[in-house]
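> Data: my_file.cif, mmCIF, C-alpha atoms.
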data_run
#
loop_
_atom_site.label_atom_id
_atom_site.label_comp_id
_atom_site.auth_asym_id
_atom_site.auth_seq_id
_atom_site.Cartn_x
_atom_site.Cartn_y
_atom_site.Cartn_z
CA MET A 138 0.00 0.00 0.00
CA ILE A 139 2.77 2.45 0.90
CA ASP A 140 4.51 1.70 -2.40
CA ASP A 141 1.29 2.53 -4.23
CA VAL A 142 0.97 5.86 -2.40
CA ALA A 143 4.56 6.85 -3.03
CA GLY A 144 4.39 5.66 -6.61
CA TYR A 145 7.62 3.70 -6.46
CA LEU A 146 7.80 0.52 -8.48
CA HIS A 147 11.18 -0.99 -9.22
CA ASN A 148 10.06 -2.63 -12.44
CA THR A 149 9.65 0.06 -15.13
CA ALA A 150 7.47 -2.09 -17.35
CA GLU A 151 5.15 -2.86 -14.45
CA ARG A 152 4.91 0.86 -13.60
CA VAL A 153 3.98 1.87 -17.16
CA GLN A 154 1.35 -0.86 -17.35
CA ARG A 155 -0.10 0.09 -13.98
CA ASP A 156 -0.19 3.83 -14.76
CA ALA A 157 -2.16 3.21 -17.95
CA VAL A 158 -4.96 1.74 -15.83
CA TYR A 159 -4.70 3.56 -12.50
CA ALA A 160 -2.55 6.57 -11.70
CA THR A 161 -1.01 6.69 -8.23
CA PRO A 162 0.22 9.67 -6.19
CA VAL A 163 3.94 10.37 -6.25
CA PHE A 164 6.14 12.76 -4.34
CA ARG A 165 9.75 13.82 -4.14
CA ILE A 166 11.34 15.56 -1.17
CA THR A 167 14.90 16.70 -0.57
CA VAL A 168 16.60 17.80 2.64
CA ASP A 169 19.52 20.15 2.03
CA GLY A 170 19.66 18.80 -1.52
CA ASN A 171 19.58 15.09 -0.62
CA ASP A 172 16.62 13.15 -2.06
CA ILE A 173 14.97 11.18 0.76
CA ALA A 174 11.66 10.20 -0.87
CA GLN A 175 12.44 6.51 -1.30
CA LEU A 176 13.92 6.40 2.19
CA ILE A 177 10.83 7.77 3.94
CA SER A 178 8.04 6.45 1.69
CA PRO A 179 7.66 3.16 3.65
CA ARG A 180 7.41 5.25 6.84
CA LEU A 181 5.02 7.94 5.58
CA ILE A 182 1.90 8.32 7.71
CA SER A 183 0.82 11.70 6.37
CA LEU A 184 2.08 14.68 4.37
CA GLU A 185 0.19 17.96 4.43
CA LEU A 186 0.98 21.16 2.57
CA THR A 187 -0.98 24.39 3.08
CA ASP A 188 -0.46 26.97 0.33
CA ASN A 189 -1.73 30.26 1.76
CA ARG A 190 -2.86 33.36 -0.07
CA GLY A 191 -0.94 36.48 0.93
CA LEU A 192 1.92 36.84 3.41
CA GLU A 193 0.89 34.05 5.76
CA ALA A 194 3.64 31.45 5.63
CA ASP A 195 2.97 28.26 3.67
CA GLN A 196 3.41 25.20 5.88
CA LEU A 197 4.62 21.66 5.18
CA SER A 198 3.93 18.93 7.78
CA LEU A 199 5.27 15.38 7.69
CA THR A 200 4.44 12.54 10.07
CA LEU A 201 6.67 9.44 9.81
CA SER A 202 6.69 6.08 11.54
CA ASP A 203 9.72 5.47 13.77
CA HIS A 204 8.59 2.01 14.88
CA ASP A 205 12.14 0.64 14.77
CA GLY A 206 13.85 3.73 16.23
CA LEU A 207 16.12 4.07 13.19
CA LEU A 208 14.87 7.44 11.93
CA ALA A 209 17.48 10.19 12.13
CA MET A 210 16.18 13.55 13.32
CA PRO A 211 17.14 16.33 10.88
CA ALA A 212 18.56 19.57 12.24
CA LYS A 213 16.31 22.57 12.68
CA GLY A 214 16.89 25.04 9.90
CA ALA A 215 17.29 22.33 7.26
CA LEU A 216 15.96 23.26 3.81
CA LEU A 217 13.20 20.98 2.50
CA HIS A 218 12.08 21.02 -1.13
CA LEU A 219 8.85 19.31 -2.19
CA TRP A 220 7.34 18.04 -5.43
CA LEU A 221 3.86 16.46 -5.69
CA GLY A 222 2.02 14.78 -8.53
CA TRP A 223 0.68 11.65 -10.14
CA SER A 224 2.48 8.76 -11.79
CA ASP A 225 0.85 9.40 -15.19
CA THR A 226 1.37 13.18 -15.33
CA GLY A 227 4.59 13.76 -13.38
CA LEU A 228 5.63 16.01 -10.51
CA VAL A 229 4.87 19.67 -9.82
CA ASN A 230 7.34 21.83 -7.89
CA LYS A 231 5.68 22.99 -4.65
CA GLY A 232 8.52 25.12 -3.29
CA SER A 233 11.08 25.26 -0.47
CA TYR A 234 10.49 25.19 3.29
CA THR A 235 12.67 25.75 6.34
CA LEU A 236 12.35 23.12 9.07
CA ASP A 237 11.49 24.85 12.35
CA GLU A 238 9.66 22.24 14.47
CA LEU A 239 10.40 18.59 15.34
CA GLU A 240 8.25 16.41 17.56
CA HIS A 241 8.77 12.77 18.58
CA ASN A 242 5.85 10.84 20.10
CA GLY A 243 5.28 7.27 21.25
CA ALA A 244 4.18 4.61 21.49
CA PRO A 245 3.86 3.83 18.65
CA ASP A 246 6.84 6.04 17.90
CA THR A 247 6.35 8.75 15.30
CA LEU A 248 8.40 11.72 14.14
CA SER A 249 6.60 14.89 13.08
CA LEU A 250 8.34 17.62 11.08
CA ARG A 251 6.92 21.08 10.42
CA ALA A 252 8.49 23.53 7.99
CA ARG A 253 7.46 26.97 6.73
CA SER A 254 8.06 28.93 3.56
CA ALA A 255 11.77 29.45 3.07
CA ASP A 256 11.14 32.78 1.30
CA LEU A 257 9.77 34.58 4.36
CA ARG A 258 12.89 36.36 5.61
CA LYS A 259 13.42 37.06 9.29
CA SER A 260 14.13 40.64 8.29
CA LEU A 261 10.47 41.04 7.31
CA LYS A 262 9.58 40.69 11.00
CA THR A 263 12.06 43.34 12.18
CA LYS A 264 10.38 46.53 13.41
CA ARG A 265 11.43 49.72 11.63
CA GLU A 266 10.91 53.49 11.73
CA ARG A 267 10.59 55.34 8.42
CA SER A 268 8.15 57.27 6.26
CA TRP A 269 7.31 58.07 2.64
CA SER A 270 5.83 61.30 1.25
CA ASN A 271 4.35 61.88 -2.22
CA LYS A 272 5.34 58.43 -3.46
CA THR A 273 3.57 55.62 -5.28
CA LEU A 274 2.75 52.14 -4.06
CA GLY A 275 5.38 50.87 -6.49
CA ASP A 276 8.04 53.05 -4.81
CA VAL A 277 7.18 51.68 -1.37
CA ILE A 278 7.09 48.04 -2.51
CA ASN A 279 10.47 48.52 -4.21
CA ASP A 280 12.01 49.96 -1.02
CA ILE A 281 10.65 47.14 1.15
CA ALA A 282 11.77 44.46 -1.30
CA LEU A 283 15.29 45.79 -1.69
CA GLY A 284 15.65 46.12 2.09
CA ASN A 285 14.87 42.41 2.43
CA ASP A 286 16.98 41.20 -0.51
CA LEU A 287 13.88 40.40 -2.56
CA LYS A 288 12.99 41.23 -6.15
CA PRO A 289 10.00 43.62 -6.33
CA THR A 290 7.23 42.56 -8.70
CA ILE A 291 4.04 44.65 -8.67
CA ALA A 292 1.07 44.77 -11.03
CA GLN A 293 0.94 47.84 -13.25
CA THR A 294 -2.58 48.65 -12.07
CA LEU A 295 -1.19 49.05 -8.55
CA ALA A 296 2.33 50.40 -9.11
CA GLY A 297 1.23 53.96 -9.93
CA GLN A 298 -1.27 54.34 -7.09
CA PRO A 299 -0.35 57.55 -5.21
CA ILE A 300 0.59 57.64 -1.54
CA LEU A 301 0.59 61.14 -0.05
CA GLN A 302 1.95 60.10 3.34
CA LEU A 303 2.85 56.71 4.82
CA ASP A 304 4.46 56.22 8.22
CA GLN A 305 6.07 53.03 9.49
CA ALA A 306 6.32 53.53 13.25
CA ASN A 307 7.78 50.62 15.22
CA GLU A 308 6.20 48.29 12.67
CA SER A 309 7.59 45.28 10.81
CA ASP A 310 7.79 45.21 7.03
CA ALA A 311 5.48 42.18 7.03
CA ASN A 312 2.81 44.11 8.94
CA LEU A 313 3.25 47.18 6.74
CA ILE A 314 2.83 45.08 3.58
CA SER A 315 -0.34 43.54 5.01
CA ARG A 316 -1.67 47.00 5.88
CA LEU A 317 -0.98 48.24 2.35
CA GLY A 318 -2.74 45.18 0.98
CA GLU A 319 -5.82 46.03 3.01
CA GLU A 320 -5.80 49.66 1.86
CA PHE A 321 -5.31 48.89 -1.84
CA ASP A 322 -7.32 45.62 -1.94
CA ALA A 323 -4.17 43.82 -3.00
CA VAL A 324 -2.55 40.47 -2.27
CA ALA A 325 1.13 40.60 -1.30
CA SER A 326 3.21 37.45 -0.97
CA VAL A 327 6.82 36.28 -1.07
CA LYS A 328 7.52 33.52 -3.61
CA ALA A 329 10.77 32.35 -5.20
CA GLY A 330 12.74 35.33 -3.90
CA CYS A 331 10.20 37.90 -5.13
CA LEU A 332 7.92 40.27 -3.26
CA LEU A 333 4.73 40.02 -5.29
CA CYS A 334 1.88 42.52 -5.17
CA LEU A 335 -1.24 42.04 -7.30
CA PRO A 336 -4.91 43.06 -7.14
CA ALA A 337 -7.14 40.82 -5.04
CA GLY A 338 -9.91 39.07 -6.90
CA GLY A 339 -7.91 36.53 -8.87
CA GLY A 340 -7.60 35.80 -12.55
CA GLN A 341 -4.36 37.58 -13.45
CA SER A 342 -0.68 37.27 -12.70
CA VAL A 343 1.47 40.19 -11.56
CA THR A 344 2.47 40.84 -15.19
CA GLY A 345 -1.17 41.00 -16.25
CA ILE A 346 -1.22 37.58 -17.93
CA VAL A 347 -4.57 35.84 -17.49
CA LEU A 348 -4.22 32.85 -15.18
CA PRO A 349 -5.90 29.55 -16.04
CA HIS A 350 -9.61 29.43 -15.26
CA ILE A 351 -10.52 26.11 -13.65
CA THR A 352 -13.77 24.21 -14.15
CA LEU A 353 -14.67 21.63 -11.52
CA THR A 354 -17.58 19.19 -11.63
CA ARG A 355 -19.36 17.18 -8.96
CA GLU A 356 -17.37 14.16 -10.15
CA ASP A 357 -14.14 15.99 -9.20
CA GLY A 358 -15.33 16.67 -5.68
CA ASP A 359 -15.65 14.54 -2.61
CA GLN A 360 -17.19 17.03 -0.17
CA HIS A 361 -18.31 20.65 -0.23
CA ARG A 362 -19.60 23.27 2.20
CA TYR A 363 -21.36 26.36 0.85
CA LEU A 364 -22.16 29.33 3.06
CA GLN A 365 -24.01 32.46 2.00
CA ALA A 366 -23.82 35.21 4.61
CA ASP A 367 -26.27 38.06 4.98
CA ARG A 368 -24.73 40.83 2.90
CA ASP A 369 -26.81 43.36 4.84
CA SER A 370 -24.93 42.62 8.06
CA TYR A 371 -22.86 45.63 6.95
CA ASP A 372 -24.28 48.21 4.55
CA GLY A 373 -20.93 49.89 4.08
CA VAL A 374 -17.52 50.69 5.54
CA ARG A 375 -16.36 53.89 7.25
CA ALA A 376 -12.76 55.05 7.54
CA TYR A 377 -11.55 58.10 9.48
CA PHE A 378 -8.93 60.65 8.49
CA TYR A 379 -7.67 64.07 9.56
CA ASP A 380 -8.13 66.97 7.17
CA ILE A 381 -4.91 68.93 6.70
CA ASN A 382 -6.80 72.19 7.34
CA SER A 383 -8.63 70.98 10.43
CA ALA A 384 -7.86 69.06 13.61
CA LYS A 385 -11.31 67.50 13.47
CA LYS A 386 -11.53 63.84 12.53
CA GLN A 387 -13.36 63.35 9.21
CA GLU A 388 -14.95 60.23 7.74
CA ALA A 389 -15.04 58.55 4.33
CA ILE A 390 -17.72 55.97 3.54
CA ALA A 391 -17.93 53.24 0.93
CA GLY A 392 -21.36 51.74 0.33
CA GLY A 393 -24.10 53.26 2.42
CA GLY A 394 -26.83 52.66 4.95
CA ASP A 395 -27.01 52.71 8.73
CA ASN A 396 -24.96 49.66 9.68
CA LEU A 397 -21.37 50.62 8.87
CA LYS A 398 -18.17 48.79 9.70
CA ASP A 399 -15.58 51.16 11.17
CA LEU A 400 -11.91 50.70 10.29
CA ARG A 401 -9.57 50.97 13.27
CA HIS A 402 -6.70 52.73 11.51
CA THR A 403 -6.96 56.52 11.12
CA TYR A 404 -5.66 57.78 7.77
CA SER A 405 -3.75 60.91 6.91
CA ASP A 406 -5.93 62.08 4.01
CA LEU A 407 -9.30 61.59 2.32
CA GLN A 408 -7.89 59.66 -0.61
CA SER A 409 -6.27 57.00 1.58
CA ALA A 410 -9.32 56.70 3.83
CA LEU A 411 -11.75 56.30 0.93
CA ARG A 412 -9.46 53.79 -0.77
CA ALA A 413 -9.23 51.71 2.40
CA ALA A 414 -13.01 51.85 2.96
CA ARG A 415 -13.69 50.71 -0.60
CA SER A 416 -11.13 47.90 -0.30
CA GLU A 417 -12.70 46.58 2.89
CA PHE A 418 -16.16 46.84 1.36
CA LYS A 419 -15.01 44.68 -1.56
CA ARG A 420 -13.65 42.09 0.88
CA LEU A 421 -16.98 41.98 2.69
CA GLN A 422 -18.78 41.50 -0.61
CA ARG A 423 -16.46 38.66 -1.69
CA ALA A 424 -16.94 36.94 1.67
CA SER A 425 -20.72 37.10 1.39
CA ALA A 426 -20.59 33.67 -0.26
CA THR A 427 -17.89 31.10 0.50
CA LEU A 428 -17.29 27.53 -0.61
CA SER A 429 -15.02 24.82 0.78
CA TYR A 430 -14.44 22.13 -1.85
CA THR A 431 -12.55 18.86 -1.38
CA LEU A 432 -11.14 17.05 -4.41
CA ALA A 433 -11.06 13.26 -4.11
CA LYS A 434 -8.16 13.29 -6.59
CA ALA A 435 -5.87 16.23 -5.91
CA ARG A 436 -4.57 18.56 -8.61
CA PRO A 437 -1.03 19.68 -7.70
CA ASP A 438 -1.19 22.50 -10.26
CA LEU A 439 -3.87 24.42 -8.32
CA ILE A 440 -2.63 27.44 -6.39
CA PRO A 441 -4.23 30.46 -4.66
CA GLU A 442 -5.54 33.32 -6.82
CA LEU A 443 -7.09 31.17 -9.56
CA THR A 444 -10.74 31.54 -10.56
CA TYR A 445 -13.23 28.69 -10.79
CA THR A 446 -16.51 27.61 -12.32
CA LEU A 447 -18.42 24.83 -10.53
CA MET A 448 -20.76 22.51 -12.43
CA GLY A 449 -23.41 20.11 -11.20
CA ILE A 450 -23.30 21.12 -7.52
CA LYS A 451 -26.26 23.44 -6.92
CA ASP A 452 -27.78 26.17 -9.08
CA GLU A 453 -26.74 28.94 -6.68
CA ILE A 454 -23.17 27.59 -6.57
CA ASP A 455 -22.90 26.97 -10.31
CA ALA A 456 -24.31 30.42 -11.14
CA ILE A 457 -21.27 32.51 -10.13
CA ILE A 458 -17.51 32.65 -10.57
CA TRP A 459 -15.37 31.72 -7.57
CA TYR A 460 -12.07 33.22 -6.41
CA GLY A 461 -9.46 30.86 -4.94
CA GLY A 462 -7.92 31.27 -1.50
CA ASN A 463 -5.86 28.80 0.53
CA VAL A 464 -5.12 25.37 -0.90
CA GLN A 465 -4.37 22.32 1.27
CA HIS A 466 -2.74 19.15 -0.09
CA SER A 467 -3.03 15.89 1.90
CA LEU A 468 -1.15 12.68 1.12
CA SER A 469 -1.41 9.52 3.23
CA ALA A 470 -1.26 5.76 2.92
CA ASP A 471 -4.92 5.42 3.88
CA GLY A 472 -6.46 8.41 2.13
CA GLY A 473 -4.31 8.75 -0.99
CA TYR A 474 -3.70 12.24 -2.38
CA THR A 475 -6.60 14.65 -1.82
CA MET A 476 -6.89 18.41 -1.55
CA SER A 477 -9.24 21.08 -0.23
CA LEU A 478 -9.90 24.54 -1.69
CA GLU A 479 -11.19 27.64 0.09
CA LEU A 480 -13.18 29.77 -2.36
CA GLU A 481 -15.12 33.01 -2.16
CA SER A 482 -17.41 34.79 -4.58
CA LYS A 483 -15.66 36.86 -7.24
CA LEU A 484 -16.65 40.47 -7.89
CA PRO A 485 -16.73 42.15 -11.30
CA GLU A 486 -13.58 44.07 -12.15
CA ASP A 487 -15.47 46.94 -13.74
CA GLY A 488 -16.88 49.53 -11.36
CA VAL A 489 -16.89 47.32 -8.28
CA GLU A 490 -16.34 50.36 -6.05
CA ASP A 491 -19.85 51.46 -7.02
CA LEU A 492 -21.52 48.29 -5.79
CA ALA A 493 -24.50 49.09 -3.58
CA GLU A 494 -24.14 52.83 -4.24
CA ASN A 495 -27.63 52.72 -5.74
CA ASP A 496 -28.97 50.11 -3.35
CA ASP A 497 -31.44 52.51 -1.73
CA GLY A 498 -34.29 51.55 -4.07
CA ASP A 499 -33.89 54.73 -6.12
CA TYR A 500 -32.48 53.10 -9.25
CA THR A 501 -33.81 52.96 -12.79
CA GLY A 502 -32.28 49.72 -13.98
CA VAL A 503 -30.24 46.65 -13.06
CA ILE A 504 -26.86 45.56 -14.44
CA ALA A 505 -25.01 42.30 -13.95
CA TYR A 506 -21.59 41.16 -15.09
CA TYR A 507 -20.73 37.71 -16.40
CA ARG A 508 -17.64 35.91 -17.63
CA ASP A 509 -17.69 35.04 -21.32
CA PRO A 510 -16.52 31.39 -21.34
CA LYS A 511 -15.03 31.76 -24.85
CA THR A 512 -12.91 34.87 -24.27
CA GLY A 513 -12.66 35.02 -20.47
CA LYS A 514 -13.66 38.70 -20.63
CA GLU A 515 -16.37 40.34 -18.57
CA LYS A 516 -19.61 41.35 -20.28
CA THR A 517 -22.87 42.87 -19.05
CA VAL A 518 -26.61 42.33 -19.25
CA THR A 519 -29.11 44.99 -18.19
CA ALA A 520 -32.78 45.54 -17.48
CA GLY A 521 -34.62 48.88 -17.36
CA ASP A 522 -32.88 52.23 -17.86
CA PRO A 523 -29.09 51.88 -17.44
CA ASP A 524 -28.57 55.57 -16.57
CA LYS A 525 -28.80 54.86 -12.84
CA PRO A 526 -28.43 51.11 -12.43
CA LYS A 527 -28.15 48.90 -9.41
CA ARG A 528 -25.06 46.75 -9.94
CA LEU A 529 -25.40 43.16 -8.80
CA GLN A 530 -22.47 42.17 -6.62
CA TRP A 531 -21.26 38.87 -8.07
CA LEU A 532 -19.57 37.95 -11.33
CA TYR A 533 -21.85 35.38 -12.98
CA ALA A 534 -20.63 32.26 -14.74
CA SER A 535 -22.64 32.71 -17.94
CA GLU A 536 -24.92 35.13 -19.78
CA GLN A 537 -27.88 32.91 -18.91
CA THR A 538 -27.30 33.03 -15.15
CA ALA A 539 -26.65 36.79 -15.30
CA ARG A 540 -29.92 37.36 -17.17
CA ARG A 541 -31.83 35.32 -14.60
CA ALA A 542 -30.31 37.35 -11.76
CA VAL A 543 -31.11 40.67 -13.49
CA GLY A 544 -34.66 39.50 -14.16
CA ARG A 545 -35.22 38.55 -10.53
CA GLU A 546 -33.90 41.88 -9.24
CA TRP A 547 -35.87 43.94 -11.76
CA ALA A 548 -39.06 42.06 -10.89
CA ARG A 549 -38.38 42.67 -7.20
CA LYS A 550 -38.04 46.39 -7.95
CA ASN A 551 -41.29 46.61 -9.92
CA PHE A 552 -43.35 44.04 -8.08
CA PRO A 553 -42.22 44.15 -4.44
CA THR A 554 -43.70 41.61 -2.07
CA GLY A 555 -44.84 42.49 1.42
#
Kindly present the structure from the file in C-alpha cells form.

Amino acid sequence: MIDDVAGYLHNTAERVQRDAVYATPVFRITVDGNDIAQLISPRLISLELTDNRGLEADQLSLTLSDHDGLLAMPAKGALLHLWLGWSDTGLVNKGSYTLDELEHNGAPDTLSLRARSADLRKSLKTKRERSWSNKTLGDVINDIALGNDLKPTIAQTLAGQPILQLDQANESDANLISRLGEEFDAVASVKAGCLLCLPAGGGQSVTGIVLPHITLTREDGDQHRYLQADRDSYDGVRAYFYDINSAKKQEAIAGGGDNLKDLRHTYSDLQSALRAARSEFKRLQRASATLSYTLAKARPDLIPELTYTLMGIKDEIDAIIWYGGNVQHSLSADGGYTMSLELESKLPEDGVEDLAENDDGDYTGVIAYYRDPKTGKEKTVTAGDPDKPKRLQWLYASEQTARRAVGREWARKNFPTG
C-alpha cells in the first residue's frame, strides 16, 4: 500500500502498465539537496501542505513512523524542497520550506516535522521606523523588497497608485505590507525570492497575464460546504482621516446605509481613507458567499488566486464565478492524495467600487456582469434604464445566469412583495 501511495515501483514495465490503468500519487522531497523520498516512503503516515494566499507562511507537515527507532532527526533550519504529482502526469514543484519544528511521540513512535516557507525572511519581522511622502505604491514596494533582498514585482494597475503620506512607526515590514494590501485591496506574498503585489480578486498574474480558469464538476469533488452570509450585516464601511486644514476627525464611507463597519486605523488624508473603505467593502462582498471544496483526486497545479466555475453542484453555486484562497494538499497511505480549496465569490472588475451605491431603491435599472466562457472577458446584461443602475455584486458564470439574476432583481423592484 505504501509503495502505491509513493508511486515507487522498481520494475519500469510494471509501472507503465499500472499507470495506464490507475494513476497513483507520487512525491519527491529533498533535505539540504539530498533526495529522501524513497527512504521515507515506507514510513510515511501523512504529508500535508498548506499553500496560503498572501503573506501568511505556507506550511509543510510530515508525520513518519519510527517504529524501529532508526529514523534520524534532521537539524532545525534544514531546507526541504517538495514536489507532488501523479504517476501518469509527473511532478509539480511545490517550493522550499525551512524546518522549524520537530516532535517525537510514542508509542507507537512517530516523528513529526513542520516547515514553513523558506522565502519569508526574518528581516520582514524586524520593526522599523521610516516614512514616505508623495510616493507611489510601487516606490514603497520597491524599497521594502530591496531592504529584504527580494525582487519587487508589482502589477501595473497598482504600481502607480499615489501615496501622499505613509508612516512606518515601530512596525515590521510584514505588517506594513499587510496593511498596504488592506488599503489597496491587494494580495502581497513572497515567492521564489520575489515580493509580489497584485490586485485581489484573482484571474491575473502580476504581469497581467490571465491565469488559467478552472472548471470543476461534482465528479471531481468529494465534499463541499457552501455558506451564504447576509450581505446586509454591513451596509458599508467607514474610515476616518484628519483633514490637513482641520484638527477634526473626518470620515469617508464606501457603500451606504445605517450599519457601517468602522476601520480601526486613522488615515492621513481623504484619498487613503476612501481607498481603504472601498477595499474593505469589496472584501466583505467577496466573503458574502464562501465555498469549501474537497477534491477526491488532488490537482497539484492548483494554487491560490485562480478563478473557478463549478458545475453540477447546486444552481446557486454553479451560477457565479469563484475566487481561490488557501489550498491544502493531503497525502497519506490510507487516504491517498486529496486536496481542499477555500473559495469566495468573485466580484466584477469593472466599477466594483460602485456596488451598492444605488442600493437605496432609487435606481432605474439593473446591471449584472458575467464571464464570457469563450474569451474570459467580462460582459454585461441589463434591465430597465441603465442611466442609474443597481449593480449586482457577483460575477456570474454565464450570460444565462446573469440574465436570470437581473430579471429577478428587476421584478423585485417593480413588483415588491410584502
> My list of candidates is A:Val347, A:Ala337, A:Leu217, A:Ile450. Which is closest to Lys514 (chain A) when distances are computed with all atoms listed in the file?
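Looking at the shortest contact to Lys514 (chain A), the residue is A:Val347.
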> Please, what distance in Å, to one decimal, runs between CA of Ala410 (chain A) and CA of Lys386 (chain A)?
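Interatomic distance here is 11.5 Å.
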> In terms of the shortest atom-to-atom distance over only C-alpha atoms, which of A:Asn279, A:Thr501, A:Ser425, A:Ser202 is closest to Gly243 (chain A)?
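Among A:Asn279, A:Thr501, A:Ser425, A:Ser202, it is A:Ser202 that comes nearest to Gly243 (chain A).
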> Pick out the closest residue to Leu228 (chain A) from this set: A:Arg545, A:Lys213, A:Arg265, A:Arg436. Count all atoms listed in the file.
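Nearest to Leu228 (chain A): A:Arg436.
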> Under the rule that only C-alpha atoms are counted, which of A:Thr475, A:Thr519, A:Thr200, A:Gln298 is the nearest residue to His241 (chain A)?
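Closest to His241 (chain A) of all the choices is A:Thr200.
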> Specify as a VMD selection string each residue included when the PyMOL selection byres ((chain A and resi 288-297) around 9) is applied to this file.
chain A and resid 272 to 276 278 to 283 285 to 287 298 to 299 321 323 325 330 to 336 342 to 345
> Could you list, as a PyMOL selection string, every residue within 8 Å of Gln360 (chain A), counting only C-alpha atoms and ignoring same-chain residues fewer than 3 positions away?
chain A and resi 430-432
> Written as a CSV table (one decimal) with C-alpha atoms, in the frame of the given file, what is the full residue list that the PyMOL selection byres ((chain A and resi 355) around 9) yields on the file shown?

chain,number,residue,atom,x,y,z
A,353,LEU,CA,-14.7,21.6,-11.5
A,354,THR,CA,-17.6,19.2,-11.6
A,356,GLU,CA,-17.4,14.2,-10.2
A,357,ASP,CA,-14.1,16.0,-9.2
A,358,GLY,CA,-15.3,16.7,-5.7
A,359,ASP,CA,-15.6,14.5,-2.6
A,447,LEU,CA,-18.4,24.8,-10.5
A,448,MET,CA,-20.8,22.5,-12.4
A,449,GLY,CA,-23.4,20.1,-11.2
A,450,ILE,CA,-23.3,21.1,-7.5
> May I have the residues within 7 Å of Glu266 (chain A) as a list in words, using all atoms listed in the file and disregarding those fewer than 6 positions away in the same chain?
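Final neighbour list, sorted by chain and number: Gln305, Ala306 and Asn307 of chain A.
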> Running the PyMOL selection byres ((chain A and resi 389) around 12) on this model by hand, what would come out? Give it as number ranges by chain.
A: 373-380, 386-388, 390-393, 397-400, 403-415
> Counting all atoms listed in the file, figure out which residue out of A:Glu240, A:Glu193, A:Asp499, A:Asp172 gets nearest to Lys328 (chain A).
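When distances to Lys328 (chain A) are compared using all atoms listed in the file, the smallest one comes from A:Glu193.
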> Provide an axis-aligned box for all listed atoms of region 300-319 of chain A, padding each side by 8 Å; report its centre and its edge lengths in Å to one decimal, as JSON.

{"center_x": 1.0, "center_y": 51.7, "center_z": 6.8, "size_x": 29.6, "size_y": 35.0, "size_z": 32.8}
> Please determine the residues with any atom at most 8 Å from (-20.5, 31.7, -20.3) (coordinates as given in the file, with only C-alpha atoms counting) and report them as a VMD selection string.
chain A and resid 507 to 511 534 to 537
> Measuring atom to atom with all atoms listed in the file, identify which of A:Gln302, A:Thr161, A:Ser309, A:Ser429 is nearest to Ser270 (chain A).
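The answer is A:Gln302, which sits nearest to Ser270 (chain A).
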> Excluding Gly502 (chain A) and its own-chain neighbours fewer than 5 positions away, which residues fall within 6 Å of it when counting all atoms listed in the file? Please give them as an mmCIF file with C-alpha atoms, in the frame of the given file.

data_model
loop_
_atom_site.group_PDB
_atom_site.id
_atom_site.type_symbol
_atom_site.label_atom_id
_atom_site.label_comp_id
_atom_site.auth_asym_id
_atom_site.auth_seq_id
_atom_site.Cartn_x
_atom_site.Cartn_y
_atom_site.Cartn_z
ATOM 1 C CA ALA A 520 -32.780 45.540 -17.480
ATOM 2 C CA GLY A 521 -34.620 48.880 -17.360
ATOM 3 C CA ASP A 522 -32.880 52.230 -17.860
ATOM 4 C CA PRO A 523 -29.090 51.880 -17.440
ATOM 5 C CA PRO A 526 -28.430 51.110 -12.430
#
> Could you check how far CA of Glu486 (chain A) sits from CA of Arg420 (chain A), in Å to one decimal?
13.2 Å
> Name all residues at most 12 Å from Thr247 (chain A) (count all atoms listed in the file; drop same-chain ones fewer than 3 positions away) and give them as a list in words.
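The residues that qualify are Arg180, Leu181, Ile182, Ser183, Leu199, Thr200, Leu201, Ser202, Asp203, His204, Asp205, Gly206, Leu207, Leu208, Ala209, Met210, Leu239, Glu240, His241, Asn242, Gly243, Ala244 and Leu250 of chain A.
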